[in-house]
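Novice: Can you read through this structure? Questions will come right after.
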Amino acid sequence: MTTSLETQLRSRAHDLLAEGVVELFLGYRQGSNPLRVAPFVARTPLETAKLVWNAVCVPNLAGTLAKHAGQRIGVALKACDAQTLRELLKLNQLERSRLYLIGIGCEGMANPEAITDAAPGRVTGLAEAGPDLVITTADDVVRRERGTLLLTKCATCTGMPTDFCDEWLGEAPPAPPTVPAERFAAVQALATLAPAERLAFWSEHLSRCTLCYACQTVCPLCFCKECALTLERDHPRRQAREPMTIFAYHLMRAYHLADRCTGCDECSRVCPEDIPLNLICRKLEQDRSQV
Amino acid sequence: MDAHAYDALVIGAGISGMQAALDLAEKGYQVLVVERQASIGGTMAKLDKTFPTNDCAICITAPKMVELARHPNITLLTSAQVERVAGSVGHFEVTIWRQTTYVDPEKCTGCGDCARACPVEVADTFNGRLSRRKAIYLQFPQAVPAVYTIDYAQCTGCGACDRACGPGAISFLRRSQPLTVTVGSIVVATGFEVLEPTELRREYGYGRFANVLTALQYERLMAASGPTDGHVTRPSDGQAPRSIAWIQCVGSRSTQGGHPYCSKICCMYATKEALITREHAPDTATTIFYMDLRAYGKDFQQYYQRAASHGVRYVRSRPASVSENADQSLLLEYEDTLTGKVASETFDLLVLSTAVVPPPENRRLAQALGIAVDEHGFFVARDALRAPLHATREGIFLAGGAQGPNDIPDCVAQASGAAGLAAVPLSQRQRTAEPVPPAERDVAAEAPRTGVFVCSCGKNIGGFVDVEAVTASARALPEVAFAEACTFACSEDAQRKIRGAIEANGLNRVVVAACSPITHGPVFQQTCAEVGLNAGLFEMANIRNQCSWVHSSEPGPATTKAADLVRMAVARASYVKSLPVQTIEVTPGCLVIGGGAAGMTAAITLAEMGIEVVLVERETVLGGKLNLLGKLAPNDLPASTFREHLVHEVQRRPLIKVFTGTEVGEVSGHVGNFQVTLDGGLGEAITQVQVGTIIVATGFREIDLRGRYGYGDDPRIITQLELERRLRDGTLGKPRSVVMINCAGSLDAENPSCCRIGCSVAVKNARLVHQAAPGTQVFLLYQDLRVYGKGQEEAFTQMLAEVAPQRIRYDAERPPRVSLEHGRIMVTVYDTLLRDELEVEADLVVLTAALRGDIETPRLKQMLKVGANAQDFYHEAHAKIRPLDFTTEGIYLCGGDHYPRSIPDTLAQAAGAASRAAIPLLRGRVKVEPIVAEVEAARCSGCGLCVPHCPYGAMRLDPERGVLVIEEVLCKGCGTCVAACPSGALQQRGFADAQVLAMIETAWEGALV
Amino acid sequence: MSEPFEPKIVGLLCSWCAYAGADTAGVSRVQYPPNLRIVRVMCSGRVDPLFVARAFEHGADGVLVAGCHPGDCHYLSGNNYAEERFAKFAQLLDFFGLDQRRFKLAWVSGSEGARFATIVAEMTEELRALGPLELKVQ
């Protein structure tokens, strides 16, 4: 099935470029190992052969899309990417009329770390077989149910916005009628702590922060031309990584995303210190759903 | 002899005279101001706070005083009086007597060395003789001009002051001199005094018992700058009183007392004094003995209720006698008229709310001016109804307390009105062109060189903060090139020094550490501007109001804090930039919305000044309420006659273009350039007009009383407006009994306000009913009789004699009930004075309905982007000193849409609004707010998050470029959009992120330890 | 023996109401603790939560934002936006475990000098009990 999704996608991208409907087509290409993909822009029909669609197409393409604003561009969209894109459109960062949106019946992306953990050695191949993922290593092949390897955001996916895409590939998973409660389980647990315990929790995690700003750089909804929060990067307090300065940075980053964040979890994906930044995303999402 | 020519003369420089002078000067006319006292400011400068907003009186007066003294079109003569006026309107020749003060104002630095040297101590009249001053003195710390004066009557001529005076400003050879000037018109604003019942009856022990004061003396006791630094103490022993009583109407509302009129302001100032006393010292028992509690201004009733709920006790009684106890407390004997109980009660201090009286000087001045005064000595209007601001000689106009008791907003409105009318005879004169601003130094490329001036404000700051230490810490800051302490930074002398220091040291930023930037910022900005420093390069540290005064018991921390505040200001100063002053051209012409008495009068006044007017009226005929009324107080002029007169005056002026049956459809633009769509209704053309200013005069309406008091159930239950119509049309019939119920729908939870005019209307109509149907028994059901306005108390007394109505005082808790029984109307009411329930059969019930603003107010306020309260009355810019302005520049208000008012008051306001609206039109250019938002297009990502945050519709996204565009002239400089911008692409001039953050980041870092 | 802890507070006050109220407190000589440093802005709507974060970053133990009472905003609705923003911001403070008492949004009119003083006194007292804002890091 997946192969066919990938084939369908290549063929549609090929035609759209060939017919001149779009100037560019954005999707993924294979990365440096089987568990990595990278955003890829096909500029000619020929280049569409490099497009891939597999179980680890994790990066959010909405952010990449914004870099090509002004051009006619087609894109393959997962539900989560679509939600981000919707926000970007609302905030005038892209023009809907210049976009050609192909919604993909995404079954949820697997967490590459979970795959690595499940594999007995270095992963050399990854394939889909019905509900299972087939993980190949140098000397073994294991099958795992896809559902057990999903990213947390995918396990509690909130679905594709309705009437959003120009066309659709694959089977659309039925949109959950309500946001699954388990999506907020971790935030809820944090909320039950006393403020001092919460402070301790964050102190511990944020003490690892090196202020590398990867979370800001990757965020598809951080669209300011210059970020007011990273302008200060040379301030001695930042250089010294004073705890309150780190707190203030994350606090303000959260505040700026308060009405926007769609919970794509790109920030925590790229954080080199594994700070659970996705908890912040969930918190913002939760606050927004309560308004 | 100097025979200098001026355009206008203003006599008296209290709040009224200052407003009149500024209104004329702002129009470009040369104004001569003559003040009898050594300083301008008048009574308002003596007050502690003002009701009902509890604004600090001197804080809002002082900026006006300074503005007047600095105005290029105003010449100020203090210690002077008008001796003789010859000639006629347009060509008055005025002789003025300049009393010498023996002090050269050019040389006096206001340092006070002379007063310290003077051996003669006398009672300080400014402080109500509660303290002492020297024979050479400054009236009060904020006096303008800040020049010492010799009280010649007290001076022994010893010469100690002369020897002490460093600059040699004192000369006993300076002589008083006459001066002759010519002017085109004259405004008389000589203010009022309060009765000091020392003669005759020595009422309530004033002058005999040490602890009996007038309310004005009490005002000085409360004032922070008063004889006791704001601590209320008893004159006899300096102890804080545990209980204070106020007695209202001392000398007023009494023919025997010689002052039959109501003094109008006392109920509210007594309430204010009691309320603030309790805020300062919550354990002080405060009691007000009143006759009728006249809380009839905007928000007054709510203020009164707040006072009552804060424990101010009100007793309806006129105490019979006062005697002094051995401990000099006072024993009052009184009967509470609501309970009938006779009591005697002891108070530590007694305050008398004595009658407002005219200055004795008025009679002499009236002769000099050739105008009339009434039997009390107040100046009289040519026509109390139709020309309330015209004196009896053409070209002379009246404002404020000079013609009777008035509260501050009424004084200000009348002053603007008098200024508008006084501008009429000047309309053909050449006006002074817009002054060219002084050339500015371009300091953008210079590194900050900041000058710091630390004021000790006499002892106000210096008494609690180590000013030298603060100055030294400022001097140590790297950006600071110059730092100096001064005694009074706002004195003329210190300003000279600041200017000198800027020039001598090449300073490009100035920080003054003193009082509040709100009151004094503009003063220093002006000083800096005079030596080429833009206002934006000035910064103030508030080390008095927000430091020394509030930490007076902790000098150490106060000094640290003052140093911190200075450091913060210096940090900010490093990031400030010049604020460019831009002006835009003004489209001539004014739109007046509403063609009632207010709108027509405003239009006529504007046209007489030579200004084009577009007058829009929703109804098909002009006249507004005048179309509905019968006869008008105080002289029973038929409303129709007055209406015809006004309509004729409108129609005969080609400058006024009238649109009847027309509504205002859309308004866009801003002061100087409004585009207005006029909608003539079905099938009529839409007209577009362009004007420079707008006056809103949309009046008031009666609330719908259906379902209350049987209104709507029977044609014999009507409102006062309906009664007016019946009286006018002669359809009243011969009712045997008429029951008037005042406050119908007022003073309750839904509508807590007092309608102000209802009692006077009821009094007038009771008399007119009596005339139309003699023999009718009139019942007047009221809560408090709050007749309002000049001559109304007398009209009330006269009505009582003529009509002999049955007066029944009811209580809000037990309102009258109206029922229909077998075709008979029965009114049941509990009379709180008889303490009995009465039942009256009525042939006619007249409800004095609560009043609200116009029905269109909610729509119009959106369109004009102005505010209004829950009763649809518009919010003026400031309850006290800007009653005719909206906060939105270029839009003004008058008449009943601000609050219900009598016709004379409406006309005064209308002339005032015309005066205000004429200022931008006559100047021809307006200034744009300098602290507007600005966008750095290169950083703007065009997300549009800011756009909905602008309350003035000043921002939009440019769809082509995908960036934000700001209409600067619409921006009012709140900065709300700036805080909504995540990227920092939006900034506010004068309050940019870097400027604010500089203060925040230095507040606690680098602090003195 | 260490000195008793004196909290450091930054106040961001709107010019028309709260700042005027602080002035009135002075005119009325109402005393309050000297632990507040006031920064004037034209409207509470100008106050960016960034200012609050920066104040904490630069040594403040508490931040007070004060403006005109609802309905009294000199700029019609700036205070409403301030209220909206800081409701959101305060939730985030709490989420990160920063005690919500360290941040206060208050409405003070130009005449409420005594009220202003009370607010400052109470906040100082609360912060004194809370102790300094210190983040412990391993």
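Residues are referred to by chain and number: the chain letter is A, B, ... according to the order shown in the structure tokens, the number counts from 1 in that chain, and ligands are numbered separately from 1 in the order shown.
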Sorted by chain and rising residue number, list the residues of chain B at most 8 Å from chain C (counting only C-alpha atoms), each with its closest atom pair and distance in Å to one decimal, as CSV.
Specialist:
```
residue,atom,partner,partner_atom,distance
B:Thr53,CA,C:Ser111,CA,6.4
B:Asn54,CA,C:Ser111,CA,5.3
B:Asp55,CA,C:Ser111,CA,5.7
B:Cys56,CA,C:Thr24,CA,7.1
B:Ala224,CA,C:Val27,CA,6.2
B:Gly230,CA,C:Ser28,CA,7.4
B:Glu279,CA,C:Ala114,CA,7.6
B:Ser516,CA,C:Asp23,CA,7.0
B:Ile518,CA,C:Ala20,CA,7.7
B:Arg544,CA,C:Gly26,CA,7.3
B:Asn545,CA,C:Gly26,CA,4.1
B:Gln546,CA,C:Gly26,CA,5.8
B:Cys547,CA,C:Gly26,CA,7.6
B:Trp549,CA,C:Gly26,CA,5.0
B:Val550,CA,C:Gln31,CA,4.4
B:His551,CA,C:Gln31,CA,5.8
B:Ser552,CA,C:Gln31,CA,7.5
B:Pro557,CA,C:Pro34,CA,6.3
B:Ala558,CA,C:Pro34,CA,6.6
B:Lys561,CA,C:Pro34,CA,6.9
B:Asp564,CA,C:Arg37,CA,7.8
B:Leu565,CA,C:Arg37,CA,7.0
B:Val866,CA,C:Leu76,CA,8.0
B:Gly867,CA,C:Leu76,CA,7.2
B:Thr887,CA,C:His74,CA,7.7
B:His949,CA,C:Tyr81,CA,7.3
B:Pro951,CA,C:Ser77,CA,6.5
B:Lys972,CA,C:Tyr75,CA,7.6
B:Gly973,CA,C:Met42,CA,7.3
B:Cys974,CA,C:Cys43,CA,5.3
B:Gly975,CA,C:Arg46,CA,4.5
B:Thr976,CA,C:Gly45,CA,4.3
B:Cys977,CA,C:Arg46,CA,7.3
B:Val978,CA,C:Arg46,CA,6.4
B:Ala979,CA,C:Asp48,CA,4.5
B:Ala980,CA,C:Asp48,CA,7.3
B:Phe991,CA,C:Val41,CA,6.9
B:Val996,CA,C:Val39,CA,7.4
B:Leu997,CA,C:Phe51,CA,6.6
B:Met999,CA,C:Val39,CA,6.8
B:Ile1000,CA,C:Ala55,CA,5.7
B:Glu1001,CA,C:His58,CA,5.4
B:Thr1002,CA,C:His58,CA,7.7
B:Ala1003,CA,C:Arg37,CA,6.3
B:Trp1004,CA,C:Gly59,CA,5.8
B:Glu1005,CA,C:His58,CA,6.5
```
Novice: Compile the residues of chain C that lie within 8 Å of chain A, evaluated using only C-alpha atoms, and express the compilation as a ChimeraX atom specification.
Specialist: /C:49-50,53-54,56-57,88-89,92-99,134-138
Novice: Could you save the residues just selected, with N, CA and C atoms, as a tab-separated table (two decimals), in the first residue's frame?
Specialist:
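And here is the file that came out, selection15.tsv:
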```tsv
chain	number	residue	atom	x	y	z
C	49	PRO	N	4.51	41.35	27.72
C	49	PRO	CA	4.97	40.37	28.71
C	49	PRO	C	6.49	40.21	28.71
C	50	LEU	N	7.08	40.53	27.59
C	50	LEU	CA	8.55	40.51	27.53
C	50	LEU	C	9.15	41.41	28.61
C	53	ALA	N	9.12	39.47	31.79
C	53	ALA	CA	10.14	38.43	31.78
C	53	ALA	C	11.53	39.05	31.99
C	54	ARG	N	11.75	40.17	31.31
C	54	ARG	CA	13.05	40.84	31.45
C	54	ARG	C	13.28	41.36	32.86
C	56	PHE	N	12.19	40.02	35.60
C	56	PHE	CA	12.61	38.86	36.40
C	56	PHE	C	14.07	38.51	36.09
C	57	GLU	N	14.38	38.58	34.81
C	57	GLU	CA	15.73	38.25	34.37
C	57	GLU	C	16.75	39.18	35.01
C	88	LYS	N	-3.10	35.09	29.94
C	88	LYS	CA	-2.37	34.05	29.22
C	88	LYS	C	-0.97	33.88	29.82
C	89	PHE	N	-0.34	35.01	30.04
C	89	PHE	CA	1.04	35.00	30.53
C	89	PHE	C	1.12	34.39	31.94
C	92	LEU	N	1.15	30.73	31.96
C	92	LEU	CA	2.45	30.16	31.60
C	92	LEU	C	3.43	30.25	32.76
C	93	LEU	N	3.38	31.36	33.49
C	93	LEU	CA	4.24	31.48	34.67
C	93	LEU	C	3.99	30.29	35.58
C	94	ASP	N	2.73	30.02	35.77
C	94	ASP	CA	2.33	28.93	36.65
C	94	ASP	C	2.80	27.60	36.09
C	95	PHE	N	2.69	27.45	34.80
C	95	PHE	CA	3.09	26.21	34.15
C	95	PHE	C	4.57	25.92	34.38
C	96	PHE	N	5.36	26.99	34.38
C	96	PHE	CA	6.80	26.81	34.62
C	96	PHE	C	7.12	26.75	36.12
C	97	GLY	N	6.08	26.89	36.93
C	97	GLY	CA	6.29	26.76	38.37
C	97	GLY	C	6.72	28.04	39.06
C	98	LEU	N	6.65	29.17	38.32
C	98	LEU	CA	6.97	30.44	38.97
C	98	LEU	C	5.73	30.88	39.74
C	99	ASP	N	5.90	31.19	40.99
C	99	ASP	CA	4.75	31.52	41.83
C	99	ASP	C	3.98	32.70	41.26
C	134	GLU	N	14.81	32.66	43.06
C	134	GLU	CA	16.07	31.99	42.76
C	134	GLU	C	15.76	30.67	42.09
C	135	LEU	N	16.45	30.38	41.03
C	135	LEU	CA	16.26	29.11	40.36
C	135	LEU	C	17.45	28.23	40.67
C	136	LYS	N	17.14	27.06	41.19
C	136	LYS	CA	18.25	26.15	41.53
C	136	LYS	C	18.56	25.28	40.32
C	137	VAL	N	19.80	25.20	40.00
C	137	VAL	CA	20.22	24.40	38.85
C	137	VAL	C	21.33	23.46	39.30
C	138	GLN	N	21.25	22.25	38.77
C	138	GLN	CA	22.32	21.30	39.12
C	138	GLN	C	23.64	21.74	38.46
```
Novice: Counting only C-alpha atoms, a student should be able to say which residues of chain B come within 10 Å of chain A; what is the right answer, written as a tab-separated table (two decimals) with N, CA, C and O atoms, in the first residue's frame?
Specialist:
```
chain	number	residue	atom	x	y	z
B	938	ALA	N	11.13	46.58	7.16
B	938	ALA	CA	12.02	45.46	6.86
B	938	ALA	C	11.86	44.33	7.87
B	938	ALA	O	12.14	43.17	7.57
B	939	ARG	N	11.41	44.65	9.07
B	939	ARG	CA	11.26	43.60	10.09
B	939	ARG	C	9.84	43.09	10.18
B	939	ARG	O	9.56	42.10	10.85
B	940	CYS	N	8.89	43.78	9.55
B	940	CYS	CA	7.48	43.41	9.69
B	940	CYS	C	7.18	42.22	8.80
B	940	CYS	O	7.46	42.25	7.60
B	941	SER	N	6.61	41.17	9.40
B	941	SER	CA	6.29	40.00	8.59
B	941	SER	C	4.84	40.04	8.13
B	941	SER	O	4.36	39.09	7.51
B	942	GLY	N	4.14	41.10	8.48
B	942	GLY	CA	2.78	41.28	7.97
B	942	GLY	C	1.77	40.30	8.54
B	942	GLY	O	0.77	39.99	7.90
B	943	CYS	N	2.00	39.81	9.76
B	943	CYS	CA	1.09	38.81	10.32
B	943	CYS	C	-0.25	39.42	10.72
B	943	CYS	O	-1.25	38.72	10.81
B	944	GLY	N	-0.25	40.73	10.98
B	944	GLY	CA	-1.52	41.41	11.26
B	944	GLY	C	-2.03	41.22	12.67
B	944	GLY	O	-3.14	41.61	12.99
B	945	LEU	N	-1.22	40.63	13.57
B	945	LEU	CA	-1.67	40.43	14.95
B	945	LEU	C	-1.99	41.76	15.64
B	945	LEU	O	-2.84	41.84	16.51
B	957	LEU	N	-3.04	46.49	6.93
B	957	LEU	CA	-1.98	45.78	6.22
B	957	LEU	C	-1.99	46.22	4.78
B	957	LEU	O	-3.04	46.31	4.16
B	959	PRO	N	-1.68	45.10	1.34
B	959	PRO	CA	-1.70	43.76	0.74
B	959	PRO	C	-0.59	43.58	-0.30
B	959	PRO	O	-0.11	42.47	-0.52
B	962	GLY	N	2.67	43.45	1.90
B	962	GLY	CA	2.59	42.53	3.02
B	962	GLY	C	3.17	43.08	4.30
B	962	GLY	O	3.71	42.33	5.11
B	963	VAL	N	3.09	44.38	4.46
B	963	VAL	CA	3.57	44.98	5.72
B	963	VAL	C	2.51	45.94	6.24
B	963	VAL	O	1.58	46.32	5.54
B	980	ALA	N	1.56	43.97	21.05
B	980	ALA	CA	1.00	42.81	20.36
B	980	ALA	C	1.95	42.28	19.29
B	980	ALA	O	1.76	41.20	18.77
B	981	CYS	N	2.98	43.05	18.97
B	981	CYS	CA	3.89	42.66	17.89
B	981	CYS	C	4.96	41.72	18.45
B	981	CYS	O	5.72	42.10	19.33
B	982	PRO	N	5.03	40.47	17.95
B	982	PRO	CA	6.01	39.55	18.52
B	982	PRO	C	7.45	39.87	18.09
B	982	PRO	O	8.39	39.53	18.80
B	983	SER	N	7.60	40.53	16.96
B	983	SER	CA	8.95	40.64	16.40
B	983	SER	C	9.69	41.90	16.81
B	983	SER	O	10.90	41.99	16.64
B	984	GLY	N	8.96	42.89	17.34
B	984	GLY	CA	9.62	44.16	17.64
B	984	GLY	C	9.71	45.07	16.43
B	984	GLY	O	10.39	46.09	16.46
B	985	ALA	N	9.01	44.70	15.34
B	985	ALA	CA	9.01	45.57	14.16
B	985	ALA	C	8.22	46.84	14.43
B	985	ALA	O	8.49	47.89	13.86
```
Novice: If we count only C-alpha atoms and set the cut-off at 8 Å, which residues sit around stretch 445-462 of chain B, ignoring sequence neighbours fewer than 2 positions away in its own chain? Please answer as a PyMOL selection string.
Specialist: chain B and resi 442-443+464-467+470-471+474-475+479-489+498+501-502+506-514+543-544+548-549+570+573-574
Novice: Restricting the output to N, CA, C and O atoms, write the selected residues as a short mmCIF file (atom, residue, chain, number, x, y, z; two decimals), in the first residue's frame.
Specialist:
```cif
data_model
loop_
_atom_site.label_atom_id
_atom_site.label_comp_id
_atom_site.auth_asym_id
_atom_site.auth_seq_id
_atom_site.Cartn_x
_atom_site.Cartn_y
_atom_site.Cartn_z
N ASP B 442 20.58 68.84 16.01
CA ASP B 442 20.51 67.45 15.60
C ASP B 442 21.54 66.68 16.41
O ASP B 442 22.74 66.86 16.26
N VAL B 443 21.04 65.83 17.31
CA VAL B 443 21.96 65.13 18.21
C VAL B 443 22.02 63.64 17.89
O VAL B 443 22.62 62.87 18.64
N PHE B 464 13.75 64.56 53.07
CA PHE B 464 13.71 63.10 53.29
C PHE B 464 14.74 62.34 52.47
O PHE B 464 15.04 61.20 52.75
N VAL B 465 15.22 62.99 51.41
CA VAL B 465 16.17 62.34 50.51
C VAL B 465 17.46 63.14 50.54
O VAL B 465 17.42 64.37 50.50
N ASP B 466 18.57 62.44 50.60
CA ASP B 466 19.86 63.14 50.57
C ASP B 466 20.15 63.54 49.12
O ASP B 466 20.69 62.75 48.34
N VAL B 467 19.75 64.75 48.79
CA VAL B 467 19.81 65.21 47.41
C VAL B 467 21.25 65.26 46.91
O VAL B 467 21.54 64.91 45.76
N VAL B 470 22.32 61.77 45.97
CA VAL B 470 21.69 61.34 44.71
C VAL B 470 22.42 62.01 43.54
O VAL B 470 22.72 61.36 42.54
N THR B 471 22.73 63.29 43.72
CA THR B 471 23.43 64.01 42.66
C THR B 471 24.80 63.39 42.42
O THR B 471 25.22 63.19 41.27
N ALA B 474 24.53 60.17 40.53
CA ALA B 474 24.24 60.42 39.12
C ALA B 474 25.51 60.83 38.39
O ALA B 474 25.79 60.37 37.28
N ARG B 475 26.29 61.68 39.04
CA ARG B 475 27.51 62.19 38.43
C ARG B 475 28.48 61.04 38.08
O ARG B 475 29.21 61.11 37.11
N GLU B 479 27.34 57.96 31.39
CA GLU B 479 26.74 58.81 30.36
C GLU B 479 26.53 60.23 30.85
O GLU B 479 26.20 61.12 30.08
N VAL B 480 26.69 60.43 32.17
CA VAL B 480 26.33 61.73 32.74
C VAL B 480 27.51 62.70 32.62
O VAL B 480 28.59 62.43 33.13
N ALA B 481 27.26 63.80 31.92
CA ALA B 481 28.33 64.78 31.72
C ALA B 481 28.24 65.93 32.72
O ALA B 481 29.18 66.69 32.90
N PHE B 482 27.07 66.04 33.35
CA PHE B 482 26.88 67.16 34.26
C PHE B 482 25.78 66.78 35.24
O PHE B 482 24.75 66.23 34.84
N ALA B 483 25.98 67.04 36.53
CA ALA B 483 24.91 66.80 37.50
C ALA B 483 24.96 67.88 38.55
O ALA B 483 26.04 68.28 39.00
N GLU B 484 23.77 68.35 38.93
CA GLU B 484 23.72 69.45 39.88
C GLU B 484 22.43 69.35 40.69
O GLU B 484 21.40 68.93 40.17
N ALA B 485 22.50 69.77 41.94
CA ALA B 485 21.30 69.83 42.77
C ALA B 485 20.71 71.23 42.67
O ALA B 485 21.43 72.20 42.43
N CYS B 486 19.39 71.34 42.80
CA CYS B 486 18.78 72.67 42.83
C CYS B 486 17.63 72.69 43.82
O CYS B 486 17.07 71.65 44.15
N THR B 487 17.28 73.88 44.29
CA THR B 487 16.27 73.98 45.34
C THR B 487 14.87 73.80 44.77
O THR B 487 14.08 73.02 45.27
N PHE B 488 14.55 74.57 43.74
CA PHE B 488 13.27 74.41 43.06
C PHE B 488 13.56 74.36 41.56
O PHE B 488 13.76 75.40 40.93
N ALA B 489 13.57 73.17 41.01
CA ALA B 489 13.94 73.03 39.60
C ALA B 489 12.98 73.78 38.70
O ALA B 489 13.34 74.20 37.60
N ILE B 498 19.41 75.65 34.09
CA ILE B 498 19.38 74.42 33.28
C ILE B 498 19.75 74.76 31.84
O ILE B 498 20.59 74.09 31.23
N ALA B 501 23.41 75.37 31.63
CA ALA B 501 24.22 74.15 31.75
C ALA B 501 24.18 73.35 30.45
O ALA B 501 25.18 72.75 30.04
N ILE B 502 23.02 73.33 29.79
CA ILE B 502 22.91 72.59 28.53
C ILE B 502 23.88 73.19 27.52
O ILE B 502 24.63 72.47 26.86
N GLY B 506 27.36 71.29 26.44
CA GLY B 506 26.99 70.54 25.24
C GLY B 506 26.13 69.34 25.55
O GLY B 506 26.27 68.27 24.96
N LEU B 507 25.21 69.47 26.51
CA LEU B 507 24.37 68.33 26.90
C LEU B 507 23.40 68.01 25.76
O LEU B 507 22.90 68.90 25.09
N ASN B 508 23.17 66.71 25.54
CA ASN B 508 22.19 66.34 24.53
C ASN B 508 21.07 65.47 25.08
O ASN B 508 20.21 64.98 24.35
N ARG B 509 21.07 65.25 26.38
CA ARG B 509 19.96 64.60 27.08
C ARG B 509 19.84 65.33 28.41
O ARG B 509 20.85 65.70 29.00
N VAL B 510 18.59 65.49 28.89
CA VAL B 510 18.41 66.14 30.18
C VAL B 510 17.51 65.29 31.05
O VAL B 510 16.44 64.85 30.61
N VAL B 511 17.95 65.01 32.26
CA VAL B 511 17.13 64.31 33.24
C VAL B 511 16.90 65.26 34.41
O VAL B 511 17.86 65.78 34.97
N VAL B 512 15.63 65.50 34.72
CA VAL B 512 15.32 66.27 35.92
C VAL B 512 14.71 65.31 36.92
O VAL B 512 13.72 64.63 36.62
N ALA B 513 15.30 65.21 38.08
CA ALA B 513 14.76 64.38 39.15
C ALA B 513 14.03 65.33 40.08
O ALA B 513 14.65 66.14 40.77
N ALA B 514 12.70 65.24 40.07
CA ALA B 514 11.91 66.20 40.85
C ALA B 514 10.56 65.59 41.13
O ALA B 514 10.47 64.49 41.67
N ILE B 543 11.07 61.71 41.95
CA ILE B 543 11.60 61.39 43.28
C ILE B 543 10.85 62.12 44.39
O ILE B 543 11.25 62.06 45.54
N ARG B 544 9.77 62.82 44.03
CA ARG B 544 8.98 63.47 45.07
C ARG B 544 7.69 62.68 45.30
O ARG B 544 7.57 61.96 46.28
N SER B 548 10.07 60.70 47.91
CA SER B 548 10.24 61.36 49.22
C SER B 548 8.92 61.47 49.99
O SER B 548 8.89 61.29 51.20
N TRP B 549 7.85 61.75 49.28
CA TRP B 549 6.56 61.93 49.96
C TRP B 549 6.00 60.62 50.52
O TRP B 549 5.22 60.64 51.45
N VAL B 570 18.42 57.92 33.54
CA VAL B 570 19.62 58.16 32.74
C VAL B 570 19.79 57.03 31.71
O VAL B 570 20.11 57.27 30.55
N ALA B 573 17.45 57.61 29.02
CA ALA B 573 17.83 58.78 28.23
C ALA B 573 18.83 58.42 27.15
O ALA B 573 18.86 59.02 26.09
N SER B 574 19.65 57.40 27.41
CA SER B 574 20.64 57.02 26.42
C SER B 574 19.99 56.47 25.15
O SER B 574 20.61 56.43 24.10
#
```
Novice: Report, in Å to a single decimal, how far apart atom CA of B:Asp374 and atom CA of B:Cys759 are.
Specialist: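 Answer for the atom CA of B:Cys759 to atom CA of B:Asp374 separation: 24.5 Å.
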Novice: For B:Val144, find every residue with an atom within 8 Å (counting only C-alpha atoms), except residues of its own chain fewer than 4 positions away, and show them as a PyMOL selection string.
Specialist: chain B and resi 39-41+65-66+69
Novice: I'd like the interatomic distance between atom CA of B:Pro119 and atom CA of B:Ala160, to a tenth of an Å.
Specialist: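 Computing the Euclidean distance for atom CA of B:Pro119 and atom CA of B:Ala160 yields 7.7 Å.
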Novice: If you run DSSP on the backbone here, which positions in stretch 815-919 of chain B get helix (DSSP H, G or I)? Please write them as a ChimeraX atom specification.
Specialist: /B:857-864,895-897,903-919
Novice: Name the residues in contact with B:Arg736 at a cut-off of 10 Å, using only C-alpha atoms, excluding same-chain residues fewer than 5 positions from it; report them as a ChimeraX atom specification.
Specialist: /B:773-778,841-844
Novice: Residues within 8 Å of A:Gly263, please, as a list in words. Count only C-alpha atoms; anything in the same chain fewer than 5 positions from it doesn't count.
Specialist: Cys80, Lys153, Asn278, Cys281, Arg282 and Glu285 of chain A
Novice: List as a ChimeraX atom specification the protein and nucleic acid residues near stretch 3-17 of chain A, meaning an atom at most 9 Å away when only C-alpha atoms are counted, but skip any in the same chain fewer than 6 places from it.
Specialist: /A:23-26,42-54,74-76,100,102,104-105,128,169-170
Novice: I'd like to know which residues of stretch 10-138 of chain C are strand (DSSP E) (by DSSP, run on the backbone); could you write them as an MDAnalysis selection string?
Specialist: chainID C and resid 10:14 36:41 62:67 103:107
